[in-house]
>>> print(open('entry08.txt').read())   # compact mmCIF, C-alpha atoms
# COMPACT_ATOMS: atom_id res chain seq x y z
CA MET A 1143 0.00 0.00 0.00
CA ASP A 1144 1.38 3.42 -0.99
CA ARG A 1145 1.76 5.38 2.27
CA VAL A 1146 1.83 8.72 0.41
CA ASN A 1147 -1.63 8.25 -1.10
CA SER A 1148 -3.17 5.97 1.50
CA PRO A 1149 -4.12 7.58 4.80
CA VAL A 1150 -3.96 5.59 7.99
CA VAL A 1151 -7.04 5.59 10.22
CA TYR A 1152 -6.28 4.84 13.86
CA VAL A 1153 -9.25 3.54 15.87
CA THR A 1154 -8.77 3.86 19.62
CA GLY A 1155 -10.99 1.79 21.87
CA ALA A 1156 -10.83 -0.95 19.24
CA ALA A 1157 -11.99 -3.68 21.63
CA GLY A 1158 -15.09 -1.75 22.71
CA GLN A 1159 -18.57 -1.91 21.26
CA LEU A 1160 -18.21 0.90 18.72
CA GLY A 1161 -14.54 0.23 18.04
CA SER A 1162 -15.33 -3.39 17.21
CA ALA A 1163 -18.16 -2.28 14.92
CA LEU A 1164 -15.81 0.10 13.12
CA LEU A 1165 -13.23 -2.61 12.50
CA ALA A 1166 -15.88 -5.08 11.28
CA SER A 1167 -17.80 -2.58 9.17
CA PRO A 1168 -18.39 -3.26 5.46
CA SER A 1169 -18.20 0.52 5.00
CA ILE A 1170 -14.43 0.72 5.53
CA PRO A 1171 -13.12 2.55 2.46
CA PRO A 1172 -10.66 0.42 0.49
CA GLU A 1173 -8.20 3.28 0.11
CA VAL A 1174 -7.35 3.51 3.81
CA GLU A 1175 -5.21 1.45 6.13
CA VAL A 1176 -6.91 0.79 9.46
CA VAL A 1177 -5.01 0.36 12.72
CA GLY A 1178 -7.07 -0.76 15.70
CA LEU A 1179 -5.69 0.28 19.08
CA THR A 1180 -6.96 -1.28 22.29
CA SER A 1181 -6.18 -0.11 25.81
CA SER A 1182 -3.31 -2.60 25.77
CA ASP A 1183 -1.85 -0.86 22.73
CA ILE A 1184 -2.25 2.77 23.77
CA ASP A 1185 -2.77 4.38 27.18
CA LEU A 1186 -4.69 7.61 26.72
CA THR A 1187 -3.79 8.67 30.25
CA SER A 1188 -0.09 8.80 29.32
CA ASP A 1189 1.62 11.44 27.18
CA THR A 1190 4.48 9.03 26.56
CA SER A 1191 2.17 6.29 25.29
CA VAL A 1192 0.06 8.54 23.07
CA ASN A 1193 3.07 10.30 21.56
CA GLY A 1194 4.94 7.04 21.07
CA VAL A 1195 2.15 5.01 19.51
CA LEU A 1196 1.14 7.89 17.23
CA ALA A 1197 4.70 8.93 16.39
CA GLY A 1198 4.07 8.03 12.74
CA LEU A 1199 0.93 10.15 12.45
CA VAL A 1200 1.14 12.52 9.47
CA GLU A 1201 -1.04 15.03 7.68
CA GLY A 1202 -3.97 13.29 6.04
CA ASP A 1203 -4.20 10.56 8.66
CA ILE A 1204 -7.30 10.29 10.83
CA VAL A 1205 -7.83 9.24 14.44
CA ILE A 1206 -11.27 7.98 15.48
CA ASN A 1207 -11.46 8.03 19.26
CA THR A 1208 -14.05 5.61 20.63
CA ALA A 1209 -12.12 4.91 23.85
CA ALA A 1210 -13.97 5.98 26.98
CA PHE A 1211 -14.59 5.25 30.63
CA THR A 1212 -18.21 4.19 30.13
CA ASP A 1213 -19.18 2.85 33.56
CA VAL A 1214 -21.68 5.61 34.28
CA ASP A 1215 -22.41 4.52 37.84
CA GLY A 1216 -18.82 3.53 38.57
CA ALA A 1217 -17.59 6.96 37.53
CA GLU A 1218 -19.37 8.45 40.52
CA ILE A 1219 -16.75 6.87 42.78
CA ALA A 1220 -13.87 6.85 40.26
CA ARG A 1221 -13.91 10.49 39.21
CA ASP A 1222 -10.18 10.78 38.59
CA ASP A 1223 -10.16 7.69 36.38
CA ALA A 1224 -13.15 8.93 34.37
CA PHE A 1225 -11.59 12.34 33.75
CA ALA A 1226 -8.20 10.82 32.92
CA VAL A 1227 -9.72 8.79 30.07
CA ASN A 1228 -12.68 10.91 28.96
CA SER A 1229 -11.17 14.38 29.30
CA ASP A 1230 -7.37 14.22 29.29
CA GLY A 1231 -7.27 11.33 26.80
CA PRO A 1232 -8.95 13.02 23.83
CA ARG A 1233 -7.05 16.24 24.56
CA ARG A 1234 -3.78 14.32 24.19
CA LEU A 1235 -4.99 12.91 20.87
CA ALA A 1236 -5.95 16.42 19.75
CA GLU A 1237 -2.46 17.65 20.57
CA ARG A 1238 -1.01 15.01 18.25
CA THR A 1239 -3.44 15.62 15.38
CA ALA A 1240 -3.06 19.40 15.63
CA ALA A 1241 0.73 19.14 15.62
CA VAL A 1242 0.89 17.28 12.29
CA GLY A 1243 -2.30 18.34 10.49
CA ALA A 1244 -4.12 15.03 10.93
CA ARG A 1245 -7.84 14.95 11.73
CA LEU A 1246 -9.55 13.71 14.89
CA ILE A 1247 -13.08 12.31 15.12
CA HIS A 1248 -13.98 12.13 18.81
CA VAL A 1249 -17.10 10.25 19.90
CA SER A 1250 -19.10 11.85 22.70
CA THR A 1251 -22.46 11.37 24.37
CA ASP A 1252 -25.89 12.78 25.19
CA TYR A 1253 -24.83 12.72 28.86
CA VAL A 1254 -23.07 16.07 28.35
CA PHE A 1255 -26.49 17.68 28.87
CA GLY A 1256 -27.90 18.50 32.27
CA PRO A 1257 -31.53 18.39 33.38
CA ASP A 1258 -32.52 21.85 32.15
CA VAL A 1259 -32.65 21.18 28.41
CA PRO A 1260 -35.42 22.22 26.02
CA HIS A 1261 -37.90 19.42 25.39
CA ARG A 1262 -37.14 19.12 21.68
CA PRO A 1263 -34.39 17.32 19.77
CA LEU A 1264 -31.07 18.76 20.93
CA THR A 1265 -29.01 20.23 18.12
CA ALA A 1266 -25.29 20.39 17.58
CA GLU A 1267 -25.50 24.06 18.56
CA ASP A 1268 -26.93 23.20 21.99
CA ARG A 1269 -23.99 23.45 24.35
CA GLY A 1270 -23.55 20.75 26.91
CA ASP A 1271 -23.95 22.36 30.30
CA ALA A 1272 -24.19 21.26 33.93
CA PRO A 1273 -24.37 17.47 33.43
CA ARG A 1274 -25.59 15.67 36.53
CA THR A 1275 -23.07 12.84 36.43
CA VAL A 1276 -19.30 12.50 36.67
CA TYR A 1277 -19.40 10.56 33.41
CA GLY A 1278 -21.24 13.41 31.65
CA ALA A 1279 -18.97 16.05 33.15
CA SER A 1280 -15.85 14.15 32.07
CA LYS A 1281 -17.18 13.71 28.52
CA LEU A 1282 -18.11 17.40 28.32
CA ALA A 1283 -14.62 18.34 29.47
CA GLY A 1284 -13.29 16.03 26.78
CA GLU A 1285 -15.33 17.75 24.10
CA ARG A 1286 -14.16 21.18 25.16
CA GLY A 1287 -10.52 20.21 25.58
CA THR A 1288 -10.49 18.48 22.22
CA THR A 1289 -11.95 21.34 20.19
CA ALA A 1290 -9.89 23.96 22.03
CA THR A 1291 -6.68 22.03 21.33
CA ASP A 1292 -7.51 21.11 17.72
CA PRO A 1293 -10.22 23.31 16.18
CA SER A 1294 -10.40 20.95 13.20
CA ALA A 1295 -11.51 18.07 15.45
CA ILE A 1296 -14.99 16.66 14.81
CA VAL A 1297 -17.00 15.75 17.91
CA VAL A 1298 -19.73 13.21 17.17
CA ARG A 1299 -22.33 12.94 19.91
CA THR A 1300 -24.35 9.75 20.03
CA ALA A 1301 -26.64 7.97 22.48
CA TRP A 1302 -28.03 4.64 23.69
CA VAL A 1303 -25.65 2.58 21.57
CA PHE A 1304 -26.49 -1.10 21.17
CA THR A 1305 -25.25 -4.07 19.18
CA GLY A 1306 -27.83 -6.63 20.25
CA ARG A 1307 -25.64 -9.70 19.95
CA PRO A 1308 -23.31 -11.48 22.39
CA PRO A 1309 -20.61 -11.14 23.49
CA VAL A 1310 -21.54 -7.45 23.71
CA ARG A 1311 -23.36 -6.69 26.96
CA ASP A 1312 -25.75 -3.85 26.29
CA PHE A 1313 -29.37 -3.01 27.05
CA VAL A 1314 -30.69 -5.07 24.16
CA THR A 1315 -28.73 -8.22 24.99
CA THR A 1316 -29.72 -7.78 28.64
CA MET A 1317 -33.39 -7.67 27.66
CA LEU A 1318 -32.92 -10.80 25.52
CA ALA A 1319 -31.39 -12.67 28.44
CA LEU A 1320 -34.08 -11.55 30.88
CA GLU A 1321 -36.85 -12.47 28.43
CA ALA A 1322 -35.75 -16.08 28.76
CA GLN A 1323 -35.50 -15.88 32.55
CA ARG A 1324 -38.47 -13.89 33.78
CA GLU A 1325 -42.17 -13.80 33.07
CA THR A 1326 -42.38 -10.00 33.49
CA LEU A 1327 -39.90 -7.15 33.60
CA THR A 1328 -40.14 -3.60 34.90
CA VAL A 1329 -38.39 -0.97 32.77
CA VAL A 1330 -38.09 2.81 33.11
CA ASP A 1331 -40.58 4.68 30.94
CA ASP A 1332 -39.82 8.34 31.72
CA GLN A 1333 -36.38 8.66 30.10
CA THR A 1334 -36.47 9.47 26.39
CA GLY A 1335 -33.58 9.19 23.98
CA SER A 1336 -32.32 7.99 20.62
CA PRO A 1337 -31.41 4.27 20.42
CA THR A 1338 -28.43 3.82 18.10
CA TYR A 1339 -27.22 0.64 16.37
CA ALA A 1340 -23.43 0.44 16.60
CA PRO A 1341 -22.90 -0.83 13.00
CA ASP A 1342 -25.05 2.04 11.65
CA LEU A 1343 -23.05 4.56 13.66
CA ALA A 1344 -19.83 2.95 12.42
CA SER A 1345 -20.97 3.36 8.82
CA GLY A 1346 -21.66 7.02 9.49
CA LEU A 1347 -18.18 7.54 10.92
CA TRP A 1348 -16.61 5.83 7.90
CA GLU A 1349 -18.60 8.18 5.68
CA ILE A 1350 -16.90 11.09 7.46
CA VAL A 1351 -13.54 9.43 6.80
CA VAL A 1352 -14.33 9.18 3.08
CA ARG A 1353 -15.29 12.84 2.98
CA LEU A 1354 -12.14 13.92 4.82
CA ASN A 1355 -10.00 11.81 2.51
CA ASP A 1356 -11.65 13.17 -0.65
CA ASP A 1357 -11.95 16.79 0.44
CA PRO A 1358 -10.61 17.61 3.92
CA ALA A 1359 -12.18 21.06 3.87
CA SER A 1360 -15.68 19.71 3.22
CA ILE A 1361 -16.26 19.01 6.93
CA GLY A 1362 -14.88 21.49 9.42
CA GLY A 1363 -14.34 21.05 13.11
CA GLY A 1364 -17.18 21.19 15.59
CA VAL A 1365 -20.05 19.09 16.86
CA LEU A 1366 -22.28 16.69 14.91
CA ASN A 1367 -24.98 14.38 16.25
CA ALA A 1368 -25.28 10.83 14.96
CA THR A 1369 -28.06 8.57 16.20
CA ASN A 1370 -30.61 6.39 14.53
CA ALA A 1371 -33.75 8.30 13.65
CA GLY A 1372 -36.73 8.34 15.96
CA GLN A 1373 -36.97 8.33 19.71
CA GLY A 1374 -38.31 6.21 22.53
CA THR A 1375 -38.06 5.37 26.19
CA TRP A 1376 -36.17 2.45 27.67
CA CYS A 1377 -39.53 0.75 28.06
CA ASP A 1378 -40.27 1.33 24.37
CA LEU A 1379 -36.93 -0.18 23.43
CA ALA A 1380 -37.45 -3.19 25.70
CA ARG A 1381 -40.90 -3.84 24.25
CA ALA A 1382 -39.49 -3.54 20.73
CA VAL A 1383 -36.86 -6.15 21.60
CA PHE A 1384 -39.54 -8.55 22.81
CA THR A 1385 -41.64 -7.93 19.71
CA ALA A 1386 -38.67 -8.54 17.41
CA VAL A 1387 -38.07 -11.99 18.88
CA GLY A 1388 -41.72 -13.01 18.98
CA ALA A 1389 -42.26 -12.46 22.70
CA ASP A 1390 -45.24 -10.63 24.21
CA PRO A 1391 -44.27 -6.97 24.69
CA ASP A 1392 -46.93 -6.60 27.39
CA ARG A 1393 -44.63 -8.61 29.65
CA ILE A 1394 -42.69 -5.35 29.97
CA GLN A 1395 -44.19 -3.19 32.69
CA PRO A 1396 -43.37 0.56 32.85
CA CYS A 1397 -41.96 2.25 35.92
CA THR A 1398 -40.59 5.66 36.81
CA THR A 1399 -36.99 6.67 37.37
CA ASP A 1400 -37.79 7.25 41.04
CA GLU A 1401 -38.88 3.61 41.28
CA PHE A 1402 -35.57 2.43 39.80
CA PRO A 1403 -32.88 4.66 41.35
CA ARG A 1404 -29.28 4.48 40.14
CA PRO A 1405 -26.10 6.00 41.63
CA ALA A 1406 -25.77 8.28 38.60
CA PRO A 1407 -28.97 10.05 37.48
CA ARG A 1408 -29.85 9.45 33.83
CA PRO A 1409 -31.06 12.24 31.51
CA ALA A 1410 -34.84 12.47 31.41
CA TYR A 1411 -34.74 13.77 27.84
CA SER A 1412 -31.74 13.59 25.51
CA VAL A 1413 -33.05 13.09 21.98
CA LEU A 1414 -30.38 14.31 19.55
CA SER A 1415 -31.22 16.15 16.33
CA GLY A 1416 -29.49 14.98 13.15
CA LYS A 1417 -29.93 18.30 11.35
CA ALA A 1418 -26.25 19.31 11.40
CA TRP A 1419 -25.30 15.82 10.21
CA SER A 1420 -27.66 16.10 7.24
CA ASP A 1421 -26.66 19.71 6.57
CA ALA A 1422 -23.05 18.49 6.27
CA GLY A 1423 -24.18 16.22 3.43
CA LEU A 1424 -23.87 13.03 5.47
CA THR A 1425 -26.37 10.20 5.13
CA PRO A 1426 -28.96 10.18 7.94
CA LEU A 1427 -29.07 7.00 9.99
CA ARG A 1428 -32.25 4.96 9.51
CA ASP A 1429 -35.04 4.58 12.07
CA TRP A 1430 -33.96 2.69 15.18
CA HIS A 1431 -36.85 0.22 14.92
CA ALA A 1432 -35.56 -1.04 11.55
CA ALA A 1433 -32.02 -1.20 12.88
CA LEU A 1434 -33.17 -3.22 15.89
CA VAL A 1435 -34.92 -5.75 13.66
CA ASP A 1436 -31.68 -6.22 11.71
CA ALA A 1437 -29.69 -6.51 14.93
CA LEU A 1438 -31.98 -9.26 16.19
CA SER A 1439 -32.46 -11.13 12.93
CA GLY A 1440 -32.14 -14.80 13.74
CA ALA A 1441 -32.72 -14.28 17.46
CA ARG A 1442 -35.49 -16.28 19.12
CA SER A 1443 -37.31 -15.94 22.38
CA GLY A 1444 -36.41 -18.52 25.01
>>> encode(input="entry08.txt", output="structure tokens")
Amino acid sequence: MDRVNSPVVYVTGAAGQLGSALLASPSIPPEVEVVGLTSSDIDLTSDTSVNGVLAGLVEGDIVINTAAFTDVDGAEIARDDAFAVNSDGPRRLAERTAAVGARLIHVSTDYVFGPDVPHRPLTAEDRGDAPRTVYGASKLAGERGTTATDPSAIVVRTAWVFTGRPPVRDFVTTMLALEAQRETLTVVDDQTGSPTYAPDLASGLWEIVVRLNDDPASIGGGVLNATNAGQGTWCDLARAVFTAVGADPDRIQPCTTDEFPRPAPRPAYSVLSGKAWSDAGLTPLRDWHAALVDALSGARSG
């Protein structure tokens, strides 16, 4: 492969849910070389590790950062660890990309929003502010540090990511397991968001890579939202899972957040608008119901 004409795309967090989807995606452009980096390969909390592993980074290369401290409840008691990965980590990557003229795509989250958000799809222009969790605060700090360090960096906010197949442990696979174990389930019905299928999100990120490779100036730095279209509550998603595998969705009983307390409070409303994504000429992600059906194709109720 000709290094001069073939950019290298480094995917951090390569062993995680989204990182794995990126490496397995049929949307990987043939003209790029892909290097997957797990936490064993690169330590985002270390300047020495980041600078050493990315020593060969050059102009035209791209870093997709999917690495994150994602234990939302655990972050409440591991604040330093969460900020080291979610805030300092992407800033270090941004220092490297800015230094050589490479581009950074940093994946963020709907948790950057606090409780006082307008009850309408949140746009890329809506600034994250006053998140209620350590996880959200660390991701918001990561967004701000990244764009301040490298103004060409692209922050992609997403939400409620699922794969729906083992060995991934996500909400969908949890519901599948519980469907086989329990007659009824109680699921929160007063939190509304945008379920997002990891392979669909991966395809969207690869579309950004293609655009940056063809015309780097066609997408500037800043925030974009990428989720599957539509919205729903956790209860809606659970019922859709049951329906997709031929189980009775009425076995899912709704409850309130107050009835199912967690150490870290979840956003009550965090639907993300895809307007900026579409305005950038990127392909909108399909409705989450259709994506869920594809994710669960072949699955059967127990």
>>> atom_distance(input="entry08.txt", atom1="CA of Ala1418 in chain A", atom2="CA of Leu1347 in chain A")
14.3 Å
>>> atom_distance(input="entry08.txt", atom1="CA of Pro1232 in chain A", atom2="CA of Thr1300 in chain A")
16.2 Å
>>> closest_atom_pairs(input="entry08.txt", of="range 1270-1306 of chain A", to="range 1244-1255 of chain A", cutoff="6 Å", atoms="all atoms listed in the file", output="CSV")
residue,atom,partner,partner_atom,distance
A:Gly1270,CA,A:Phe1255,CA,4.7
A:Asp1271,CA,A:Phe1255,CA,5.5
A:Pro1273,CA,A:Phe1255,CA,5.0
A:Gly1278,CA,A:Tyr1253,CA,4.6
A:Leu1282,CA,A:Val1254,CA,5.1
A:Ala1295,CA,A:Leu1246,CA,4.8
A:Ile1296,CA,A:Ile1247,CA,4.8
A:Val1297,CA,A:His1248,CA,4.8
A:Val1298,CA,A:Val1249,CA,4.8
A:Arg1299,CA,A:Ser1250,CA,4.4
A:Thr1300,CA,A:Thr1251,CA,5.0
A:Ala1301,CA,A:Asp1252,CA,5.6
>>> closest_atom_pairs(input="entry08.txt", of="range 1293-1395 of chain A", to="range 1172-1190 of chain A", cutoff="10 Å", atoms="all atoms listed in the file", output="tab-separated table")
residue	atom	partner	partner_atom	distance
A:Val1351	CA	A:Val1174	CA	9.1
A:Val1352	CA	A:Glu1173	CA	9.0
A:Asn1355	CA	A:Val1174	CA	8.8
>>> closest_residue(input="entry08.txt", among="A:Gly1287, A:Pro1168, A:Gly1306, A:Pro1257", to="Leu1434 in chain A", atoms="only C-alpha atoms")
A:Gly1306
>>> closest_residue(input="entry08.txt", among="A:Ile1350, A:Ala1410, A:Asp1203, A:Arg1221", to="Ser1148 in chain A", atoms="all atoms listed in the file")
A:Asp1203
>>> closest_residue(input="entry08.txt", among="A:Arg1408, A:Arg1381, A:Arg1286, A:Arg1353", to="Arg1269 in chain A", atoms="all atoms listed in the file")
A:Arg1286
>>> decode(input="entry08.txt", residues="range 1248-1282 of chain A", atoms="N, CA and C atoms", output="short mmCIF file (atom, residue, chain, number, x, y, z; two decimals), in the first residue's frame")
data_model
loop_
_atom_site.label_atom_id
_atom_site.label_comp_id
_atom_site.auth_asym_id
_atom_site.auth_seq_id
_atom_site.Cartn_x
_atom_site.Cartn_y
_atom_site.Cartn_z
N HIS A 1248 -13.84 12.52 17.40
CA HIS A 1248 -13.98 12.13 18.81
C HIS A 1248 -15.44 11.85 19.12
N VAL A 1249 -15.73 10.66 19.62
CA VAL A 1249 -17.10 10.25 19.90
C VAL A 1249 -17.49 10.67 21.31
N SER A 1250 -18.61 11.39 21.41
CA SER A 1250 -19.10 11.85 22.70
C SER A 1250 -20.52 11.34 22.93
N THR A 1251 -21.25 11.98 23.83
CA THR A 1251 -22.46 11.37 24.37
C THR A 1251 -23.54 12.39 24.69
N ASP A 1252 -24.78 11.92 24.76
CA ASP A 1252 -25.89 12.78 25.19
C ASP A 1252 -25.78 13.13 26.67
N TYR A 1253 -24.96 12.44 27.43
CA TYR A 1253 -24.83 12.72 28.86
C TYR A 1253 -24.16 14.06 29.15
N VAL A 1254 -23.67 14.75 28.12
CA VAL A 1254 -23.07 16.07 28.35
C VAL A 1254 -24.14 17.11 28.71
N PHE A 1255 -25.42 16.75 28.55
CA PHE A 1255 -26.49 17.68 28.87
C PHE A 1255 -26.99 17.46 30.28
N GLY A 1256 -27.32 18.56 30.94
CA GLY A 1256 -27.90 18.50 32.27
C GLY A 1256 -29.41 18.39 32.20
N PRO A 1257 -30.08 18.59 33.33
CA PRO A 1257 -31.53 18.39 33.38
C PRO A 1257 -32.34 19.52 32.74
N ASP A 1258 -31.75 20.70 32.61
CA ASP A 1258 -32.52 21.85 32.15
C ASP A 1258 -32.34 22.06 30.65
N VAL A 1259 -32.76 21.08 29.87
CA VAL A 1259 -32.65 21.18 28.41
C VAL A 1259 -34.04 21.41 27.83
N PRO A 1260 -34.11 22.06 26.67
CA PRO A 1260 -35.42 22.22 26.02
C PRO A 1260 -35.97 20.86 25.61
N HIS A 1261 -37.29 20.72 25.71
CA HIS A 1261 -37.90 19.42 25.39
C HIS A 1261 -38.19 19.35 23.89
N ARG A 1262 -37.10 19.32 23.13
CA ARG A 1262 -37.14 19.12 21.68
C ARG A 1262 -35.78 18.56 21.30
N PRO A 1263 -35.67 17.92 20.13
CA PRO A 1263 -34.39 17.32 19.77
C PRO A 1263 -33.23 18.31 19.91
N LEU A 1264 -32.21 17.90 20.62
CA LEU A 1264 -31.07 18.76 20.93
C LEU A 1264 -30.15 18.83 19.73
N THR A 1265 -29.80 20.04 19.33
CA THR A 1265 -29.01 20.23 18.12
C THR A 1265 -27.53 20.27 18.45
N ALA A 1266 -26.74 20.28 17.40
CA ALA A 1266 -25.29 20.39 17.58
C ALA A 1266 -24.91 21.74 18.18
N GLU A 1267 -25.77 22.73 18.02
CA GLU A 1267 -25.50 24.06 18.56
C GLU A 1267 -25.83 24.15 20.05
N ASP A 1268 -26.62 23.20 20.56
CA ASP A 1268 -26.93 23.20 21.99
C ASP A 1268 -25.67 22.80 22.75
N ARG A 1269 -25.21 23.71 23.59
CA ARG A 1269 -23.99 23.45 24.35
C ARG A 1269 -24.28 22.54 25.53
N GLY A 1270 -23.44 21.54 25.70
CA GLY A 1270 -23.55 20.75 26.91
C GLY A 1270 -23.31 21.65 28.11
N ASP A 1271 -24.08 21.46 29.15
CA ASP A 1271 -23.95 22.36 30.30
C ASP A 1271 -24.52 21.68 31.54
N ALA A 1272 -23.76 21.74 32.62
CA ALA A 1272 -24.19 21.26 33.93
C ALA A 1272 -24.71 19.82 33.93
N PRO A 1273 -23.95 18.87 33.34
CA PRO A 1273 -24.37 17.47 33.43
C PRO A 1273 -24.44 17.03 34.89
N ARG A 1274 -25.33 16.10 35.15
CA ARG A 1274 -25.59 15.67 36.53
C ARG A 1274 -24.69 14.53 36.98
N THR A 1275 -23.89 14.00 36.09
CA THR A 1275 -23.07 12.84 36.43
C THR A 1275 -21.59 13.13 36.20
N VAL A 1276 -20.75 12.39 36.90
CA VAL A 1276 -19.30 12.50 36.67
C VAL A 1276 -18.98 12.07 35.25
N TYR A 1277 -19.62 11.01 34.79
CA TYR A 1277 -19.40 10.56 33.41
C TYR A 1277 -19.71 11.69 32.43
N GLY A 1278 -20.87 12.31 32.55
CA GLY A 1278 -21.24 13.41 31.65
C GLY A 1278 -20.29 14.58 31.75
N ALA A 1279 -19.89 14.94 32.97
CA ALA A 1279 -18.97 16.05 33.15
C ALA A 1279 -17.61 15.76 32.52
N SER A 1280 -17.15 14.50 32.65
CA SER A 1280 -15.85 14.15 32.07
C SER A 1280 -15.91 14.15 30.55
N LYS A 1281 -17.04 13.70 29.98
CA LYS A 1281 -17.18 13.71 28.52
C LYS A 1281 -17.32 15.14 28.00
N LEU A 1282 -18.00 16.00 28.72
CA LEU A 1282 -18.11 17.40 28.32
C LEU A 1282 -16.74 18.07 28.36
#
